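Q: So here's data-v4.pdb, just PDB, C-alpha atoms and all ligand atoms:
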```pdb
MODEL        1
ATOM      1  CA  MET C   1      78.852 116.475  83.688  1.00  0.00           C
ATOM      2  CA  SER C   2      78.560 114.889  87.134  1.00  0.00           C
ATOM      3  CA  ASN C   3      81.439 114.973  89.582  1.00  0.00           C
ATOM      4  CA  ASP C   4      79.742 112.457  91.861  1.00  0.00           C
ATOM      5  CA  ALA C   5      82.533 110.148  93.082  1.00  0.00           C
ATOM      6  CA  ILE C   6      80.629 106.934  92.392  1.00  0.00           C
ATOM      7  CA  VAL C   7      79.527 108.052  88.932  1.00  0.00           C
ATOM      8  CA  LEU C   8      83.145 108.921  88.071  1.00  0.00           C
ATOM      9  CA  LEU C   9      84.515 105.609  89.323  1.00  0.00           C
ATOM     10  CA  LYS C  10      81.859 103.653  87.435  1.00  0.00           C
ATOM     11  CA  GLN C  11      82.798 105.513  84.244  1.00  0.00           C
ATOM     12  CA  ASP C  12      86.398 104.392  84.766  1.00  0.00           C
ATOM     13  CA  HIS C  13      85.211 100.808  85.338  1.00  0.00           C
ATOM     14  CA  LYS C  14      83.289 100.889  82.081  1.00  0.00           C
ATOM     15  CA  GLU C  15      86.323 102.060  80.141  1.00  0.00           C
ATOM     16  CA  ILE C  16      88.543  99.433  81.791  1.00  0.00           C
ATOM     17  CA  LYS C  17      86.048  96.655  81.021  1.00  0.00           C
ATOM     18  CA  LYS C  18      85.893  97.742  77.383  1.00  0.00           C
ATOM     19  CA  VAL C  19      89.671  97.276  77.017  1.00  0.00           C
ATOM     20  CA  PHE C  20      89.391  93.886  78.768  1.00  0.00           C
ATOM     21  CA  ARG C  21      86.785  92.770  76.223  1.00  0.00           C
ATOM     22  CA  GLU C  22      88.930  93.980  73.340  1.00  0.00           C
ATOM     23  CA  PHE C  23      91.810  91.899  74.678  1.00  0.00           C
ATOM     24  CA  GLN C  24      89.603  88.835  75.079  1.00  0.00           C
ATOM     25  CA  ASN C  25      88.315  89.212  71.516  1.00  0.00           C
ATOM     26  CA  ALA C  26      91.691  89.956  69.938  1.00  0.00           C
ATOM     27  CA  GLY C  27      92.383  86.357  68.909  1.00  0.00           C
ATOM     28  CA  GLU C  28      95.362  84.040  69.281  1.00  0.00           C
ATOM     29  CA  ASN C  29      97.933  85.755  67.101  1.00  0.00           C
ATOM     30  CA  ALA C  30      97.295  89.449  67.637  1.00  0.00           C
ATOM     31  CA  THR C  31     100.504  89.852  69.647  1.00  0.00           C
ATOM     32  CA  GLN C  32     101.139  93.482  68.790  1.00  0.00           C
ATOM     33  CA  ARG C  33      97.525  94.507  69.354  1.00  0.00           C
ATOM     34  CA  LYS C  34      97.357  92.634  72.661  1.00  0.00           C
ATOM     35  CA  GLY C  35     100.552  94.351  73.746  1.00  0.00           C
ATOM     36  CA  ASP C  36      98.958  97.729  72.976  1.00  0.00           C
ATOM     37  CA  LEU C  37      95.762  96.809  74.817  1.00  0.00           C
ATOM     38  CA  VAL C  38      97.684  95.679  77.894  1.00  0.00           C
ATOM     39  CA  ALA C  39      99.650  98.950  77.844  1.00  0.00           C
ATOM     40  CA  ARG C  40      96.317 100.791  77.824  1.00  0.00           C
ATOM     41  CA  MET C  41      94.985  98.609  80.693  1.00  0.00           C
ATOM     42  CA  ILE C  42      98.106  99.328  82.723  1.00  0.00           C
ATOM     43  CA  GLU C  43      97.653 103.066  82.309  1.00  0.00           C
ATOM     44  CA  LEU C  44      93.931 103.025  83.121  1.00  0.00           C
ATOM     45  CA  LEU C  45      94.391 100.759  86.146  1.00  0.00           C
ATOM     46  CA  THR C  46      97.351 102.715  87.500  1.00  0.00           C
ATOM     47  CA  VAL C  47      95.407 105.980  87.424  1.00  0.00           C
ATOM     48  CA  HIS C  48      92.166 104.474  88.722  1.00  0.00           C
ATOM     49  CA  THR C  49      93.839 102.643  91.602  1.00  0.00           C
ATOM     50  CA  TYR C  50      95.715 105.811  92.505  1.00  0.00           C
ATOM     51  CA  ILE C  51      92.624 108.014  92.817  1.00  0.00           C
ATOM     52  CA  GLU C  52      90.779 105.350  94.813  1.00  0.00           C
ATOM     53  CA  ASN C  53      93.751 104.758  97.118  1.00  0.00           C
ATOM     54  CA  GLU C  54      94.493 108.442  97.597  1.00  0.00           C
ATOM     55  CA  VAL C  55      90.989 109.865  97.910  1.00  0.00           C
ATOM     56  CA  MET C  56      87.980 107.537  97.796  1.00  0.00           C
ATOM     57  CA  TYR C  57      89.106 104.779 100.139  1.00  0.00           C
ATOM     58  CA  PRO C  58      90.543 106.967 102.948  1.00  0.00           C
ATOM     59  CA  GLU C  59      87.455 109.231 102.820  1.00  0.00           C
ATOM     60  CA  VAL C  60      85.041 106.299 103.037  1.00  0.00           C
ATOM     61  CA  ARG C  61      87.038 104.745 105.846  1.00  0.00           C
ATOM     62  CA  LYS C  62      86.946 108.019 107.769  1.00  0.00           C
ATOM     63  CA  LEU C  63      83.298 108.931 107.148  1.00  0.00           C
ATOM     64  CA  LEU C  64      81.749 105.443 107.264  1.00  0.00           C
ATOM     65  CA  PRO C  65      83.695 103.342 109.799  1.00  0.00           C
ATOM     66  CA  ASP C  66      81.244 100.449 109.337  1.00  0.00           C
ATOM     67  CA  LEU C  67      82.714  99.913 105.871  1.00  0.00           C
ATOM     68  CA  GLU C  68      86.262  99.541 107.126  1.00  0.00           C
ATOM     69  CA  ASP C  69      86.454  95.788 106.361  1.00  0.00           C
ATOM     70  CA  ASP C  70      85.242  96.351 102.794  1.00  0.00           C
ATOM     71  CA  VAL C  71      87.835  99.080 102.289  1.00  0.00           C
ATOM     72  CA  LEU C  72      90.661  96.966 103.723  1.00  0.00           C
ATOM     73  CA  GLU C  73      89.727  94.011 101.498  1.00  0.00           C
ATOM     74  CA  SER C  74      89.668  96.333  98.516  1.00  0.00           C
ATOM     75  CA  TYR C  75      93.155  97.658  99.313  1.00  0.00           C
ATOM     76  CA  GLU C  76      94.377  94.049  99.261  1.00  0.00           C
ATOM     77  CA  GLU C  77      92.676  93.417  95.921  1.00  0.00           C
ATOM     78  CA  HIS C  78      94.362  96.550  94.547  1.00  0.00           C
ATOM     79  CA  HIS C  79      97.650  95.192  95.807  1.00  0.00           C
ATOM     80  CA  VAL C  80      97.221  91.908  93.910  1.00  0.00           C
ATOM     81  CA  ALA C  81      96.375  93.873  90.755  1.00  0.00           C
ATOM     82  CA  ASP C  82      99.408  96.151  91.334  1.00  0.00           C
ATOM     83  CA  VAL C  83     101.727  93.147  91.444  1.00  0.00           C
ATOM     84  CA  LEU C  84     100.323  91.732  88.195  1.00  0.00           C
ATOM     85  CA  VAL C  85     100.373  95.152  86.512  1.00  0.00           C
ATOM     86  CA  THR C  86     103.995  95.712  87.548  1.00  0.00           C
ATOM     87  CA  GLU C  87     105.008  92.295  86.208  1.00  0.00           C
ATOM     88  CA  LEU C  88     103.097  92.785  82.956  1.00  0.00           C
ATOM     89  CA  SER C  89     104.628  96.197  82.379  1.00  0.00           C
ATOM     90  CA  ALA C  90     108.064  94.550  82.321  1.00  0.00           C
ATOM     91  CA  MET C  91     106.984  91.642  80.097  1.00  0.00           C
ATOM     92  CA  SER C  92     107.117  91.305  76.330  1.00  0.00           C
ATOM     93  CA  PRO C  93     103.763  90.524  74.652  1.00  0.00           C
ATOM     94  CA  ASP C  94     105.303  87.454  73.015  1.00  0.00           C
ATOM     95  CA  ALA C  95     106.397  85.991  76.350  1.00  0.00           C
ATOM     96  CA  GLU C  96     104.897  82.576  77.055  1.00  0.00           C
ATOM     97  CA  ARG C  97     102.967  83.759  80.130  1.00  0.00           C
ATOM     98  CA  PHE C  98     101.842  87.177  78.870  1.00  0.00           C
ATOM     99  CA  ASP C  99      98.292  86.109  77.914  1.00  0.00           C
ATOM    100  CA  ALA C 100      97.903  83.953  81.032  1.00  0.00           C
ATOM    101  CA  LYS C 101      98.998  86.762  83.337  1.00  0.00           C
ATOM    102  CA  THR C 102      96.695  89.223  81.599  1.00  0.00           C
ATOM    103  CA  THR C 103      93.791  86.792  81.918  1.00  0.00           C
ATOM    104  CA  VAL C 104      94.410  86.457  85.668  1.00  0.00           C
ATOM    105  CA  LEU C 105      94.603  90.258  85.967  1.00  0.00           C
ATOM    106  CA  ILE C 106      91.280  90.615  84.120  1.00  0.00           C
ATOM    107  CA  GLU C 107      89.578  87.989  86.322  1.00  0.00           C
ATOM    108  CA  ASN C 108      90.845  89.641  89.495  1.00  0.00           C
ATOM    109  CA  VAL C 109      89.880  93.152  88.481  1.00  0.00           C
ATOM    110  CA  LEU C 110      86.411  92.105  87.265  1.00  0.00           C
ATOM    111  CA  HIS C 111      85.779  90.444  90.619  1.00  0.00           C
ATOM    112  CA  HIS C 112      87.002  93.564  92.402  1.00  0.00           C
ATOM    113  CA  ILE C 113      84.861  95.931  90.303  1.00  0.00           C
ATOM    114  CA  GLU C 114      81.840  93.744  90.985  1.00  0.00           C
ATOM    115  CA  GLU C 115      82.424  93.944  94.732  1.00  0.00           C
ATOM    116  CA  GLU C 116      82.779  97.714  94.576  1.00  0.00           C
ATOM    117  CA  GLU C 117      79.714  98.288  92.421  1.00  0.00           C
ATOM    118  CA  ASP C 118      77.394  95.669  93.928  1.00  0.00           C
ATOM    119  CA  GLU C 119      78.508  95.421  97.541  1.00  0.00           C
ATOM    120  CA  TRP C 120      79.950  98.525  99.032  1.00  0.00           C
ATOM    121  CA  PHE C 121      79.477 101.510  96.728  1.00  0.00           C
ATOM    122  CA  PRO C 122      75.685 101.255  97.273  1.00  0.00           C
ATOM    123  CA  LYS C 123      76.338 101.509 101.026  1.00  0.00           C
ATOM    124  CA  VAL C 124      78.520 104.559 100.403  1.00  0.00           C
ATOM    125  CA  ARG C 125      75.730 106.112  98.344  1.00  0.00           C
ATOM    126  CA  GLU C 126      73.329 105.454 101.198  1.00  0.00           C
ATOM    127  CA  GLY C 127      75.672 106.778 103.889  1.00  0.00           C
ATOM    128  CA  LEU C 128      76.924 109.938 102.196  1.00  0.00           C
ATOM    129  CA  GLY C 129      74.923 112.748 100.662  1.00  0.00           C
ATOM    130  CA  ARG C 130      75.195 113.902  97.088  1.00  0.00           C
ATOM    131  CA  LYS C 131      77.109 116.964  98.253  1.00  0.00           C
ATOM    132  CA  GLN C 132      79.754 114.913 100.026  1.00  0.00           C
ATOM    133  CA  LEU C 133      80.072 112.535  97.077  1.00  0.00           C
ATOM    134  CA  THR C 134      80.549 115.504  94.745  1.00  0.00           C
ATOM    135  CA  MET C 135      83.271 116.933  96.982  1.00  0.00           C
ATOM    136  CA  ILE C 136      85.066 113.580  96.984  1.00  0.00           C
ATOM    137  CA  GLY C 137      84.632 113.382  93.201  1.00  0.00           C
ATOM    138  CA  GLU C 138      86.183 116.801  92.733  1.00  0.00           C
ATOM    139  CA  ARG C 139      89.163 115.808  94.846  1.00  0.00           C
ATOM    140  CA  MET C 140      89.533 112.622  92.791  1.00  0.00           C
ATOM    141  CA  GLN C 141      89.574 114.623  89.556  1.00  0.00           C
ATOM    142  CA  ALA C 142      92.343 116.787  91.009  1.00  0.00           C
ATOM    143  CA  ALA C 143      94.280 113.658  92.061  1.00  0.00           C
ATOM    144  CA  ARG C 144      93.824 112.247  88.547  1.00  0.00           C
ATOM    145  CA  MET C 145      95.883 115.149  87.188  1.00  0.00           C
ATOM    146  CA  LYS C 146      98.941 114.161  89.204  1.00  0.00           C
ATOM    147  CA  ALA C 147      98.397 110.404  89.107  1.00  0.00           C
ATOM    148  CA  PRO C 148     101.222 108.181  87.850  1.00  0.00           C
ATOM    149  CA  ARG C 149     100.559 106.723  84.388  1.00  0.00           C
ATOM    150  CA  SER C 150     102.774 103.688  84.752  1.00  0.00           C
ATOM    151  CA  PRO C 151     103.750 101.443  87.679  1.00  0.00           C
ATOM    152  CA  ALA C 152     107.419 102.381  87.167  1.00  0.00           C
ATOM    153  CA  GLN C 153     106.820 105.983  88.219  1.00  0.00           C
ATOM    154  CA  PRO C 154     108.069 106.724  91.743  1.00  0.00           C
ATOM    155  CA  SER C 155     104.660 107.443  93.295  1.00  0.00           C
ATOM    156  CA  ALA C 156     103.266 104.168  91.963  1.00  0.00           C
ATOM    157  CA  LEU C 157     106.331 102.226  93.043  1.00  0.00           C
ATOM    158  CA  LYS C 158     106.131 103.702  96.518  1.00  0.00           C
ATOM    159  CA  LYS C 159     102.503 102.604  96.754  1.00  0.00           C
ATOM    160  CA  THR C 160     103.452  99.018  95.887  1.00  0.00           C
ATOM    161  CA  ILE C 161     106.346  98.992  98.369  1.00  0.00           C
ATOM    162  CA  ASP C 162     104.145 100.476 101.132  1.00  0.00           C
ATOM    163  CA  ALA C 163     101.533  97.819 100.471  1.00  0.00           C
ATOM    164  CA  VAL C 164     104.122  95.050 100.824  1.00  0.00           C
ATOM    165  CA  LEU C 165     105.691  96.457 103.990  1.00  0.00           C
ATOM    166  CA  ASN C 166     102.565  97.503 105.869  1.00  0.00           C
TER     167      ASN C 166
HETATM  168 FE    FE B   1      89.092  99.560  93.413  1.00  0.00          FE
HETATM  169 FE    FE B   2      87.247 100.913  91.172  1.00  0.00          FE
ENDMDL
END
```
What's the structure tokens form of this structure?

A:
Amino acid sequence: MSNDAIVLLKQDHKEIKKVFREFQNAGENATQRKGDLVARMIELLTVHTYIENEVMYPEVRKLLPDLEDDVLESYEEHHVADVLVTELSAMSPDAERFDAKTTVLIENVLHHIEEEEDEWFPKVREGLGRKQLTMIGERMQAARMKAPRSPAQPSALKKTIDAVLN
């Protein structure tokens, strides 16, 4: 199995998009199922954002300074997703705005994934060798082990507060 950072992140994206599609196809009245799917989304997004914020983004910023603007824009997109994820995690699936908020989260994250995969990950692939990408991937897998699973956990909360204050 590859530990290439970009391969690993794209695998996460695929899994996240699958849950998005399941939500979109769940139908009007599947309140319980949609609640479960959103809980799954929250977990996947919390972990994925954590490993990108902690490892991938700072490494790319350091090694490929030309990509700084892309990385900074991506941090801001993570922040928007964090806010929606935090709100959704405190919301009941039968709340009036639950579906609407989830739909906005899905739209935002799909746009963000597209920018990563189509715009700046290819430049990272070009700029870094396979060996470097594997080292970053291995560090991400280690970070995954200690990643928060929900936005209410202290390390996730701290990340959101830092993003607001900085
Ligand atoms: Fe991202
Ligand atoms: Fe990503």

Q: Neighbours of ligand FE 2 (chain B) at 7 Å or closer, counting all atoms listed in the file: which residues, as a PyMOL selection string?

A: chain C and resi 9+13+48-49+52+113+116

Q: Write the residues of the selection above to a file with C-alpha atoms, as a compact mmCIF listing (two decimals), keeping the file's coordinate frame.

A:
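Writing done, so here's selection_10.txt:
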```txt
# COMPACT_ATOMS: atom_id res chain seq x y z
CA LEU C 9 84.52 105.61 89.32
CA HIS C 13 85.21 100.81 85.34
CA HIS C 48 92.17 104.47 88.72
CA THR C 49 93.84 102.64 91.60
CA GLU C 52 90.78 105.35 94.81
CA ILE C 113 84.86 95.93 90.30
CA GLU C 116 82.78 97.71 94.58
```

Q: Contacts of segment 65-69 of chain C at 9 Å or less, counting all atoms listed in the file, minus same-chain residues fewer than 3 places along, as a ChimeraX atom specification?

A: /C:60-62,72-74,120,123-124

Q: Quick one: residues within 12 Å of ligand FE 1 (chain B), with all atoms listed in the file, as a ChimeraX atom specification?

A: /C:6,9-10,12-13,16,44-57,70-82,108-117,120-121

Q: Once the PyMOL selection byres (((chain C and resi 84) around 12) and not hetatm) is applied to the coordinates I shared, what remains selected? I want it as a count of residues only.

A: 34

Q: Of the candidates C:Val7, C:Met135, C:Arg40, C:Arg33, which shows the shortest atom-to-atom distance to Val19 of chain C, using all atoms listed in the file?

A: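 Closest to Val19 of chain C, using all atoms listed in the file: C:Arg40.
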